[in-house]
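See structure below.
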Amino acid sequence: MRHTNTMKTLSESERPYERCERLGAGSLADAELLAVLLRTGSHGENVLELARRILYYAGEDGILGLHHFTIERLKRMKGIGRVKAVQIVCISELAKRLAKAEACEMLQFTCPSSIAKYYMEDMRHERQEVMKLLMLNSKSRLIGESDISKGTVNASLITPRELFIEALQKNAVSIIILHNHPSGDPTPSREDMLITERIRQAGGLIGIELLDHIVIGNNCYISFSEQGLLA
């Protein structure tokens, strides 16, 4: 039987469980928190060492790099099998959902900052650009959302016709579009400006107002409406 190292192989002062009980979860380092959730290490490696190695492979993003792991990639790492791989991707998903649930309490579709906060965890970890369409009724309540593009957001690839067909099917009165910049910098590009203007003009012709275009960065955003870019 393969031997796995548990918390008991660590000295008393190194054990994250005991430190959490004495000092609280906030006192634990990222690797210690991950170790508590993984519970066991691998052959020749205790759980804290394993947690540190996982974070090392997460790269310069540190603990945020966990969001980029897939089960397949994790299983290729020494000492990580099916169970631990599933644990790690579920930890990542739980973190996203907690952040989104908290943001939901403040969500108002007339407030760009609350919209950005609500969609931040879904979008800022994406490796590709994703554009979302939010469709609203006359009371500015969400009646539908859809991913309308994935990959490079290019004005030549996104046609207002396809976008507004969906909005009309939902009987939307107004729309908001969001997309992310994987670089983390939400500064709008020339393409972003072109897309926004094309959608704004098309909406004006059919009576569906573009309320905002929000660009998501890494824990930051830029709102076209706040910046006065929806002239």
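Naming scheme: A, B, ... for chains in displayed order of the structure tokens; residues 1 onward per chain; ligands 1 onward as shown.
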
Per residue of range 39-150 of chain A within 8 Å of range 156-165 of chain A, record the nearest atom pair and its distance in Å to one decimal, counting only C-alpha atoms, with rows in chain order and ascending residue number, as CSV.
```
residue,atom,partner,partner_atom,distance
A:Leu133,CA,A:Leu163,CA,7.8
A:Ile148,CA,A:Leu163,CA,7.2
A:Ser149,CA,A:Ile158,CA,7.2
```

Next, the residues of the selection above should be written as a PDB file, in the first residue's frame with N, CA and C atoms.
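Ended up saving to again11.pdb:
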```pdb
ATOM      1  N   LEU A 133     -23.404  39.482 -22.945  1.00  0.00           N
ATOM      2  CA  LEU A 133     -24.533  40.365 -23.196  1.00  0.00           C
ATOM      3  C   LEU A 133     -25.517  40.230 -22.043  1.00  0.00           C
ATOM      4  N   ILE A 148     -21.484  36.059 -25.991  1.00  0.00           N
ATOM      5  CA  ILE A 148     -21.635  36.288 -27.430  1.00  0.00           C
ATOM      6  C   ILE A 148     -20.315  36.175 -28.182  1.00  0.00           C
ATOM      7  N   SER A 149     -19.208  36.067 -27.458  1.00  0.00           N
ATOM      8  CA  SER A 149     -17.922  35.919 -28.130  1.00  0.00           C
ATOM      9  C   SER A 149     -16.913  35.354 -27.153  1.00  0.00           C
TER      10      SER A 149
END
```

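Among the residues of range 13-162 of chain A, backbone DSSP assigns strand (DSSP E) to Val130, Met131, Lys132, Leu133, Leu134, Met135, Leu136, Leu142, Ile143, Gly144, Glu145, Ser146, Asp147, Ile148, Ser149 and Lys150 of chain A.
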
Legend entry - Residue neighbourhood Met135 in chain A, 9 Å, only C-alpha atoms, exclusion window fewer than 6 positions, as a ChimeraX atom specification: /A:141-146,166-167,170-177

Can you write out the residues you just picked, keeping C-alpha atoms, as a compact mmCIF listing (two decimals), in the first residue's frame?
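As a result, result.txt now contains:
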```
# COMPACT_ATOMS: atom_id res chain seq x y z
CA ARG A 141 -33.92 44.05 -14.15
CA LEU A 142 -31.94 41.24 -15.74
CA ILE A 143 -34.07 39.06 -18.02
CA GLY A 144 -31.24 37.16 -19.69
CA GLU A 145 -27.51 36.92 -20.23
CA SER A 146 -25.44 35.26 -22.90
CA GLU A 166 -31.23 37.64 -29.02
CA ALA A 167 -32.15 40.88 -27.25
CA LYS A 170 -36.06 38.42 -24.84
CA ASN A 171 -38.07 41.64 -25.32
CA ALA A 172 -35.15 43.58 -23.84
CA VAL A 173 -35.53 47.34 -23.49
CA SER A 174 -31.82 47.94 -22.83
CA ILE A 175 -28.55 46.02 -22.80
CA ILE A 176 -25.16 46.07 -21.13
CA ILE A 177 -22.08 44.39 -22.58
```

So that I can check the surroundings of range 180-191 of chain A, please list as a CSV table (one decimal) with C-alpha atoms, in the first residue's frame every protein, DNA and RNA residue that reaches within 10 Å of it, counting only C-alpha atoms and ignoring chain neighbours fewer than 2 positions away.
```csv
chain,number,residue,atom,x,y,z
A,119,TYR,CA,-19.0,39.4,-12.7
A,120,MET,CA,-15.4,39.9,-11.6
A,122,ASP,CA,-16.3,34.8,-13.4
A,123,MET,CA,-14.3,36.9,-15.9
A,124,ARG,CA,-11.0,38.0,-14.5
A,125,HIS,CA,-9.4,34.5,-14.5
A,126,GLU,CA,-10.3,33.8,-18.1
A,127,ARG,CA,-7.2,33.2,-20.3
A,128,GLN,CA,-9.2,34.4,-23.4
A,129,GLU,CA,-11.4,37.4,-23.9
A,130,VAL,CA,-15.1,36.7,-23.3
A,131,MET,CA,-17.9,39.1,-24.1
A,132,LYS,CA,-21.2,38.9,-22.3
A,152,THR,CA,-10.1,37.9,-29.4
A,153,VAL,CA,-12.9,40.5,-29.2
A,154,ASN,CA,-12.8,41.8,-32.8
A,155,ALA,CA,-15.3,44.3,-34.3
A,156,SER,CA,-15.3,42.3,-37.5
A,178,LEU,CA,-19.1,43.2,-20.6
A,193,MET,CA,-14.3,51.6,-29.0
A,194,LEU,CA,-15.4,50.5,-32.4
A,195,ILE,CA,-17.5,47.6,-31.2
A,196,THR,CA,-19.2,49.8,-28.6
A,197,GLU,CA,-20.1,52.5,-31.1
A,213,HIS,CA,-19.9,48.6,-21.8
A,214,ILE,CA,-17.8,47.4,-18.9
A,215,VAL,CA,-14.3,46.1,-19.4
A,216,ILE,CA,-13.1,43.8,-16.6
A,217,GLY,CA,-9.4,43.7,-15.6
A,218,ASN,CA,-7.7,42.1,-12.6
A,219,ASN,CA,-9.8,43.4,-9.7
A,220,CYS,CA,-10.5,46.6,-11.6
A,221,TYR,CA,-12.8,47.7,-14.4
A,222,ILE,CA,-13.6,50.6,-16.7
A,223,SER,CA,-17.2,51.6,-17.5
A,224,PHE,CA,-17.9,53.4,-20.7
```

Legend entry - Neighbour list for Ile91 in chain A as a list of chain:residue names, cut-off 9 Å, only C-alpha atoms, skip fewer than 4 positions in-chain: A:Leu34, A:Leu37, A:Leu66, A:His67, A:Val86, A:Gln87, A:Ala95, A:Lys96

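Checking A:Ile54, A:Leu94, A:Leu136, A:Leu168 one by one against Leu210 in chain A, counting only C-alpha atoms, you find the shortest gap at A:Leu136.
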
Legend entry - Gap from CA of Ser92 in chain A to CA of Ala58 in chain A - Å, one decimal: 12.3 Å

Inset, instruction - Once DSSP has gone over the backbone, tell me which residues of range 9-226 of chain A are in alpha helix (DSSP H), as a VMD selection string. - result: chain A and resid 16 to 23 30 to 38 47 to 57 71 to 75 82 to 104 112 to 123 160 to 169 190 to 206

Legend entry - Point-to-point distance in Å for CA of Gly62 in chain A and CA of Glu21 in chain A: 24.9 Å

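If you measure from each of A:Asp192, A:Arg82, A:Leu33, A:Gly41 to Ile63 in chain A using only C-alpha atoms, the closest one turns out to be A:Leu33.
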
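Distances here use only C-alpha atoms; by that measure, the residue among A:Val36, A:Pro112, A:Pro16, A:Thr70 closest to Gln227 in chain A is A:Pro112.
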
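Distance annotation: of A:Glu60, A:Leu98, A:Ala116, A:Lys84, the residue with the minimal separation from Ala35 in chain A is A:Lys84; atom set is only C-alpha atoms.
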
Inset, instruction - State, in Å with one decimal place, the distance from CA of Ile206 in chain A to CA of Leu229 in chain A. - result: 20.7 Å
